[in-house]
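Everything below concerns the one structure shown next.
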Number of protein chains: 2
Amino acid sequence: MQNKIDLTIFRHGTGLLPSVSVDCVIFGFHDSQLKVLLLQPKGSYNKMLPGGFVQLSESLNEAAQRVLQERAGVKEIYLEQFYTFGAPNRTDDTIHKRYFNTIPIDLDENDWILKRFVSIGYYALTDFTKVKPTPDVLSDSCDWYDVYQLSELAFDHQEMVERALKTLRSKLDSDLVGFNLLPEVFTMQDLQNLYETILNEALLRTNFQRKILNLNILERLEKKMTGAANKAPYLYKFKK
Amino acid sequence: MQNKIDLTIFRHGTGLLPSVSVDCVIFGFHDSQLKVLLLQPKGSYNKMLPGGFVQLSESLNEAAQRVLQERAGVKEIYLEQFYTFGAPNRTDDTIHKRYFNTIPIDLDENDWILKRFVSIGYYALTDFTKVKPTPDVLSDSCDWYDVYQLSELAFDHQEMVERALKTLRSKLDSDLVGFNLLPEVFTMQDLQNLYETILNEALLRTNFQRKILNLNILERLEKKMTGAANKAPYLYKFKK
DNA sequence: ACTTTATTGTATCAAAATGATACAATAGTA
DNA sequence: TACTATTGTATCATTTTGATACAATAAAGT
C-alpha cells in the first residue's frame with residue numbers, strides 16, 4: 001500500500017531541466033569507519049545515492065544542495081562537483097524503467113525521465129553526528145553505510161562512490177578545512193583516525209602530528225579529561 | 001549570403017540528448033606560446049570553443065571526440081573531462097538566442113536548444129604541428145590563439161578556458177605521458193619550455209632535467225645536430 | 001688550427017621535507 | 001606509590017628540493 005505522494009517534481013514541463021540530474025555522495029565518519037549516505041528506495045531494489053533533477057531557475061550546486069535536503073534531510077553542507085556521468089546506458093535501461101514504475105505516477109512513454117540522462121556528481125565529507133538522515137517519501141530509509149562494505153547499488157552509483165572516494169583522497173589535505181568532518185572539538189588521534197580511514201592506510205603518529213600542526217589550521221584548546229589511564233591529549237578545533 | 005547547411009544536427013527529436021552539450025578546450029604549444037583552439041562563428045560574434053550536442057547513442061567522451069572532429073577537424077585526441085558548467089543563465093539568454101538566430105534554421109521557440117543547457121567541459125593538450133584546424137560550416141575560421149592574450153569569448157567559454165588551464169597545470173606531471181604535446185622527438189629544452197609556458201613561471205634548468213629524468217618516462221636518443229653554436233643536446237622521446 | 005661563445009650534462013653542496021626512533025610527561029589504575 | 005598506556009616533543013637519518021659550479025662541445029670568429 002502506497003501513500004499519496006507529491007510527485008510533481010517528476011513531471012515534464014514543470015520547470016525541470018531535461019536529461020540532467022545530480023547525485024550526492026555524502027561521506028560521514030564514525031567509529032573509525034568511513035560511511036556513505038544511501039537511500040533505500042520503496043520497493044526492494046538496490047540502495048541509491050540521494051539524487052534528483054535540476055530546476056530551471058537554480059544552478060547545479062543549488063540543485064545538489066536542495067536535492068540533498070529534500071531526499072535525505074541534510075542541509076547546509078558544502079558540496080563539490082567531482083565528475084559527470086553520462087554512459088548511454090546508465091539510465092535508459094530496464095532497471096531504470098523498473099525503478100520509475102515503482103513510483104505511482106503516470107509517465108508518458110516518451111518522457112525524458114524514462115530515457116537517458118546525464119548525472120553530475122557532487123560529494124562532501126561531513127560530521128556524522130551533526131546529520132540526521134531523513135528519508136523522503138520515495139524511500140523506506142536513509143542511512144549511513146560503511147564505504148568498504150557496500151552491497152550492490154542502483155544504476156552506476158557504485159562507480160560514483162568509487163570516484164568520489166578517489167577525489168576525496170586526493171583533495172584531503174587541501175580541502176581539509178572546508179570539510180565539516182569532525183565534531184567542533186577533537187583530538188589529534190581523532191583526526192589521524194579520520195585520515196587513516198579515508199586513505200585506508202596506517203600513518204606514523206608523531207609525523208602525522210608534526211605535519212598537521214605545520215599546516216597551521218588548528219587551534220589548540222585546553223586539555224581534555226578523557227578518563228583514560230594515560231596522559232590527556234590536547235583538544236583542537238579548526239581555525240576560522 | 002549564406003550557403004545551404006545541413007543542420008539536422010540541431011533538430012529536436014533527431015537523436016540528441018536534450019539540455020546537454022560538450023565543449024572542448026584544446027591546448028596547443030608553439031613558439032613558446034600556449035595556444036587554444038577557437039572557432040570564429042559566422043556573423044561577427046565572439047569566438048567560441050568547439051562544442052556541440054550529445055547523440056543518444058554515444059557516451060560523453062565519444063561526443064566530445066566527434067564534436068571536435070566535426071567542428072574543428074581535429075581527430076584522435078585523448079580528451080579528459082574537467083568540469084561541468086551549469087549556471088542557469090549561461091545559455092538561456094539574449095546572447096545565446098542571438099547566436100542561434102544567425103543560423104539559418106527554423107527553431108521552435110520552445111526548443112531546448114534555445115533554452116538553458118549544461119555543458120560538460122573536456123580538455124586536451126596536443127602537438128600544435130600535428131593538428132590542422134578546419135572550420136565547420138557554421139564557422140568562418142578555426143585557429144589557435146595565445147591563451148594569455150584572449151579576447152572576450154562567447155558564453156562562459158572564458159571561464160571554461162581558465163578552469164581547463166588550472167586543471168592542466170595541476171595534472172601536468174601525472175598526465176604528461178598521456179598528452180601528445182610535443183613532436184615525436186624533442187630536447188630537454190623543448191620540454192622545459194612547455195612546462196614554463198603552461199605554468200607561466202621560470203624553472204631552474206638543471207633541477208628540471210633531474211626531475212624529469214627521475215620520472216623515467218623518457219627515452220634518450222642519439223645526439224642532435226642543432227646547427228647552434230654550442231654543445232648539441234640529446235634528443236628524447238616518451239617511453240611507451 | 002686555435003680561440004671564443006653559448007649551451008648542455010652532470011656533480012656537488014645547502015636547505016627543507018619526510019621517515020623513523022627515543023624518551024620524558026602524565027591521567028588514571030593497581 | 002608504582003605501574004600502564006598514550007601523548008607531546010626532540011632528535012637523527014634519509015630523501016627531496018633549491019642553488020651553484022664546472023667541464024664538455026658544436027659552431028662561429030679569427
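By convention in this document, the chains of the C-alpha cells carry letters A, B, ... by their order, each chain's residues are numbered from 1, and ligands are numbered from 1 in the order they are shown.
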Original post:
Quick one: which residues from chain A are at most 12 Å off chain D, using only C-alpha atoms (C1' of nucleotides), as a list in words?
Top reply: Thr187, Met188, Gln189, Arg205, Thr206, Asn207, Gln209, Arg210, Leu213, Lys223, Lys224, Thr226, Ala228, Ala229, Asn230, Lys231, Ala232, Pro233, Tyr234 and Leu235 of chain A
**OP:** Write out as a list in words each polymer residue whose atoms come within 12 Å of A:Val185, counting only C-alpha atoms (C1' of nucleotides); drop sequence neighbours fewer than 6 positions from it.
**Re:**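 Here the qualifying residues turn out to be Asp127, Leu191, Leu218, Glu219, Arg220, Leu221, Glu222, Lys223, Lys224, Tyr234, Leu235, Tyr236, Lys237, Phe238 and Lys239 of chain A.
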Could those residues be written to a file, using C-alpha atoms, as a compact mmCIF listing (two decimals), in the first residue's frame?
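Now in again37.txt:
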```txt
# COMPACT_ATOMS: atom_id res chain seq x y z
CA ASP A 127 30.35 15.30 10.67
CA LEU A 191 41.98 13.41 13.15
CA LEU A 218 44.29 24.02 14.04
CA GLU A 219 43.73 25.94 17.23
CA ARG A 220 44.85 24.15 20.36
CA LEU A 221 42.46 24.31 23.29
CA GLU A 222 42.84 23.37 26.94
CA LYS A 223 43.42 19.79 27.90
CA LYS A 224 40.91 17.03 27.84
CA TYR A 234 45.06 18.30 23.76
CA LEU A 235 41.80 19.25 22.15
CA TYR A 236 41.80 21.10 18.86
CA LYS A 237 39.41 22.90 16.63
CA PHE A 238 39.78 24.30 13.15
CA LYS A 239 40.84 27.90 12.81
```
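Restricting the calculation to only C-alpha atoms (C1' of nucleotides), the smallest distance between chain A and any of C:DA30, C:DA25, C:DC2, C:DA11 is found for C:DA25.
Close contacts of A:Ser141, defined as residues with an atom at most 8 Å away when counting only C-alpha atoms (C1' of nucleotides), with chain neighbours fewer than 2 positions off set aside, comprise Leu39, Gln40, Pro41, Thr134, Pro135, Ser139 and Asp143 of chain A.
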Subject >> Per-residue DSSP, stretch 108-221 of chain A, filtered to strand (DSSP E or B), as a list of chain:residue names >> reply: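 Filtering stretch 108-221 of chain A to strand (DSSP E or B) leaves A:Val118, A:Ser119, A:Ile120, A:Gly121, A:Tyr122, A:Tyr123, A:Ala124, A:Leu125, A:Thr126, A:Asp127, A:Ser139, A:Asp140, A:Ser141, A:Cys142, A:Asp143, A:Trp144, A:Tyr145, A:Asp146, A:Leu153, A:Asn180, A:Phe186, A:Leu218, A:Glu219, A:Arg220, A:Leu221.
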Only N, CA and C atoms, please: the residues just picked out, written as an mmCIF file, in the first residue's frame.
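This went into part16.cif:
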```cif
data_model
loop_
_atom_site.group_PDB
_atom_site.id
_atom_site.type_symbol
_atom_site.label_atom_id
_atom_site.label_comp_id
_atom_site.auth_asym_id
_atom_site.auth_seq_id
_atom_site.Cartn_x
_atom_site.Cartn_y
_atom_site.Cartn_z
ATOM 1 N N VAL A 118 22.095 12.419 -17.970
ATOM 2 C CA VAL A 118 23.457 12.615 -17.516
ATOM 3 C C VAL A 118 23.391 13.056 -16.062
ATOM 4 N N SER A 119 24.294 12.550 -15.243
ATOM 5 C CA SER A 119 24.229 12.956 -13.844
ATOM 6 C C SER A 119 25.533 13.571 -13.368
ATOM 7 N N ILE A 120 25.380 14.717 -12.735
ATOM 8 C CA ILE A 120 26.548 15.433 -12.238
ATOM 9 C C ILE A 120 26.763 15.044 -10.784
ATOM 10 N N GLY A 121 27.927 14.514 -10.497
ATOM 11 C CA GLY A 121 28.224 14.010 -9.161
ATOM 12 C C GLY A 121 28.788 15.078 -8.249
ATOM 13 N N TYR A 122 28.220 15.173 -7.055
ATOM 14 C CA TYR A 122 28.735 16.070 -6.019
ATOM 15 C C TYR A 122 29.127 15.245 -4.807
ATOM 16 N N TYR A 123 30.115 15.724 -4.071
ATOM 17 C CA TYR A 123 30.474 14.993 -2.865
ATOM 18 C C TYR A 123 30.764 15.952 -1.721
ATOM 19 N N ALA A 124 30.694 15.405 -0.516
ATOM 20 C CA ALA A 124 31.023 16.178 0.679
ATOM 21 C C ALA A 124 31.457 15.213 1.760
ATOM 22 N N LEU A 125 32.195 15.748 2.696
ATOM 23 C CA LEU A 125 32.601 14.975 3.870
ATOM 24 C C LEU A 125 32.051 15.740 5.056
ATOM 25 N N THR A 126 31.310 15.049 5.915
ATOM 26 C CA THR A 126 30.607 15.785 6.961
ATOM 27 C C THR A 126 30.683 15.077 8.303
ATOM 28 N N ASP A 127 30.384 15.837 9.326
ATOM 29 C CA ASP A 127 30.355 15.301 10.673
ATOM 30 C C ASP A 127 29.149 14.376 10.827
ATOM 31 N N SER A 139 11.390 6.853 -0.310
ATOM 32 C CA SER A 139 12.363 5.929 0.245
ATOM 33 C C SER A 139 11.896 5.358 1.587
ATOM 34 N N ASP A 140 12.304 4.144 1.823
ATOM 35 C CA ASP A 140 11.986 3.499 3.091
ATOM 36 C C ASP A 140 12.940 3.932 4.189
ATOM 37 N N SER A 141 14.178 4.205 3.788
ATOM 38 C CA SER A 141 15.154 4.587 4.797
ATOM 39 C C SER A 141 16.250 5.428 4.186
ATOM 40 N N CYS A 142 16.960 6.079 5.068
ATOM 41 C CA CYS A 142 18.117 6.880 4.662
ATOM 42 C C CYS A 142 19.146 6.699 5.745
ATOM 43 N N ASP A 143 20.231 6.062 5.418
ATOM 44 C CA ASP A 143 21.191 5.720 6.471
ATOM 45 C C ASP A 143 22.624 5.696 5.980
ATOM 46 N N TRP A 144 23.511 5.559 6.964
ATOM 47 C CA TRP A 144 24.939 5.502 6.682
ATOM 48 C C TRP A 144 25.374 4.061 6.461
ATOM 49 N N TYR A 145 26.269 3.867 5.516
ATOM 50 C CA TYR A 145 26.813 2.525 5.269
ATOM 51 C C TYR A 145 28.320 2.601 5.109
ATOM 52 N N ASP A 146 28.973 1.607 5.641
ATOM 53 C CA ASP A 146 30.432 1.521 5.551
ATOM 54 C C ASP A 146 30.867 1.481 4.081
ATOM 55 N N LEU A 153 24.833 -1.290 -5.603
ATOM 56 C CA LEU A 153 23.981 -0.110 -5.609
ATOM 57 C C LEU A 153 23.232 0.004 -6.936
ATOM 58 N N ASN A 180 33.335 19.641 6.970
ATOM 59 C CA ASN A 180 32.842 19.618 8.360
ATOM 60 C C ASN A 180 32.950 18.198 8.865
ATOM 61 N N PHE A 186 38.117 18.179 18.834
ATOM 62 C CA PHE A 186 38.593 16.811 18.634
ATOM 63 C C PHE A 186 40.052 16.693 19.043
ATOM 64 N N LEU A 218 44.940 24.432 12.799
ATOM 65 C CA LEU A 218 44.290 24.022 14.042
ATOM 66 C C LEU A 218 44.570 25.009 15.168
ATOM 67 N N GLU A 219 43.578 25.134 16.025
ATOM 68 C CA GLU A 219 43.727 25.944 17.225
ATOM 69 C C GLU A 219 43.723 24.981 18.405
ATOM 70 N N ARG A 220 44.741 25.071 19.231
ATOM 71 C CA ARG A 220 44.853 24.150 20.357
ATOM 72 C C ARG A 220 44.091 24.704 21.561
ATOM 73 N N LEU A 221 43.250 23.873 22.129
ATOM 74 C CA LEU A 221 42.462 24.312 23.291
ATOM 75 C C LEU A 221 43.078 23.771 24.574
#
```
**OP:** Could you find all residues in stretch 43-175 of chain A that DSSP calls alpha helix (DSSP H) from the backbone, and write them as a ChimeraX atom specification?
**Re:** /A:60-72,94-101,157-175
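For the choices A:Tyr148, A:Phe117, A:Phe179, A:Tyr195, the atom-to-atom distance to chain B is smallest for A:Phe117 when using only C-alpha atoms.
Residues from chain A found within 7 Å of chain B are Leu17, Pro18, Ser19, Leu56, Ser57, Glu58, Ser59, Leu60, Tyr83, Thr84, Gly86, Ala87 and Pro88 of chain A, counting only C-alpha atoms.
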**OP:** Specify as a list in words all residues of chain C found within 9 Å of chain B, counting only C-alpha atoms (C1' of nucleotides).
**Re:** DT5, DA6, DT7, DT8, DG9 and DT10 of chain C
Output file for the residues above (N, CA and C atoms (P, O5', C5', C4', C3', O3' and C1' of nucleotides), as a compact mmCIF listing (two decimals), in the first residue's frame):
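The file below, part32.txt, is the result:
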```txt
# COMPACT_ATOMS: atom_id res chain seq x y z
P DT C 5 84.31 35.52 -26.23
O5' DT C 5 83.01 34.67 -26.58
C5' DT C 5 82.48 34.72 -27.90
C4' DT C 5 81.22 33.86 -27.96
C3' DT C 5 80.37 33.90 -26.68
O3' DT C 5 79.03 34.10 -27.03
C1' DT C 5 80.84 31.67 -27.27
P DA C 6 77.95 34.57 -25.95
O5' DA C 6 76.90 33.37 -25.99
C5' DA C 6 76.38 32.96 -27.26
C4' DA C 6 75.86 31.55 -27.11
C3' DA C 6 74.92 31.38 -25.91
O3' DA C 6 73.70 30.83 -26.38
C1' DA C 6 76.64 29.73 -25.88
P DT C 7 72.47 30.63 -25.35
O5' DT C 7 72.53 29.07 -25.06
C5' DT C 7 72.65 28.18 -26.17
C4' DT C 7 73.07 26.84 -25.65
C3' DT C 7 72.22 26.31 -24.49
O3' DT C 7 71.64 25.10 -24.91
C1' DT C 7 74.53 26.00 -24.11
P DT C 8 70.64 24.26 -24.01
O5' DT C 8 71.49 22.96 -23.68
C5' DT C 8 72.07 22.21 -24.74
C4' DT C 8 73.05 21.22 -24.15
C3' DT C 8 72.43 20.31 -23.10
O3' DT C 8 72.55 18.97 -23.53
C1' DT C 8 74.47 21.29 -22.32
P DG C 9 71.71 17.80 -22.82
O5' DG C 9 72.71 17.26 -21.71
C5' DG C 9 73.83 16.49 -22.13
C4' DG C 9 74.70 16.16 -20.93
C3' DG C 9 73.96 15.45 -19.80
O3' DG C 9 74.68 14.26 -19.49
C1' DG C 9 75.15 17.36 -18.97
P DT C 10 74.17 13.27 -18.37
O5' DT C 10 74.96 13.79 -17.09
C5' DT C 10 76.38 13.91 -17.17
C4' DT C 10 76.91 14.53 -15.91
C3' DT C 10 76.35 13.95 -14.60
O3' DT C 10 77.45 13.50 -13.84
C1' DT C 10 76.41 16.30 -14.53
```
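For the atom pair formed by atom CA of A:Arg66 and atom CA of A:Leu138, the distance is 15.7 Å, given to one decimal.
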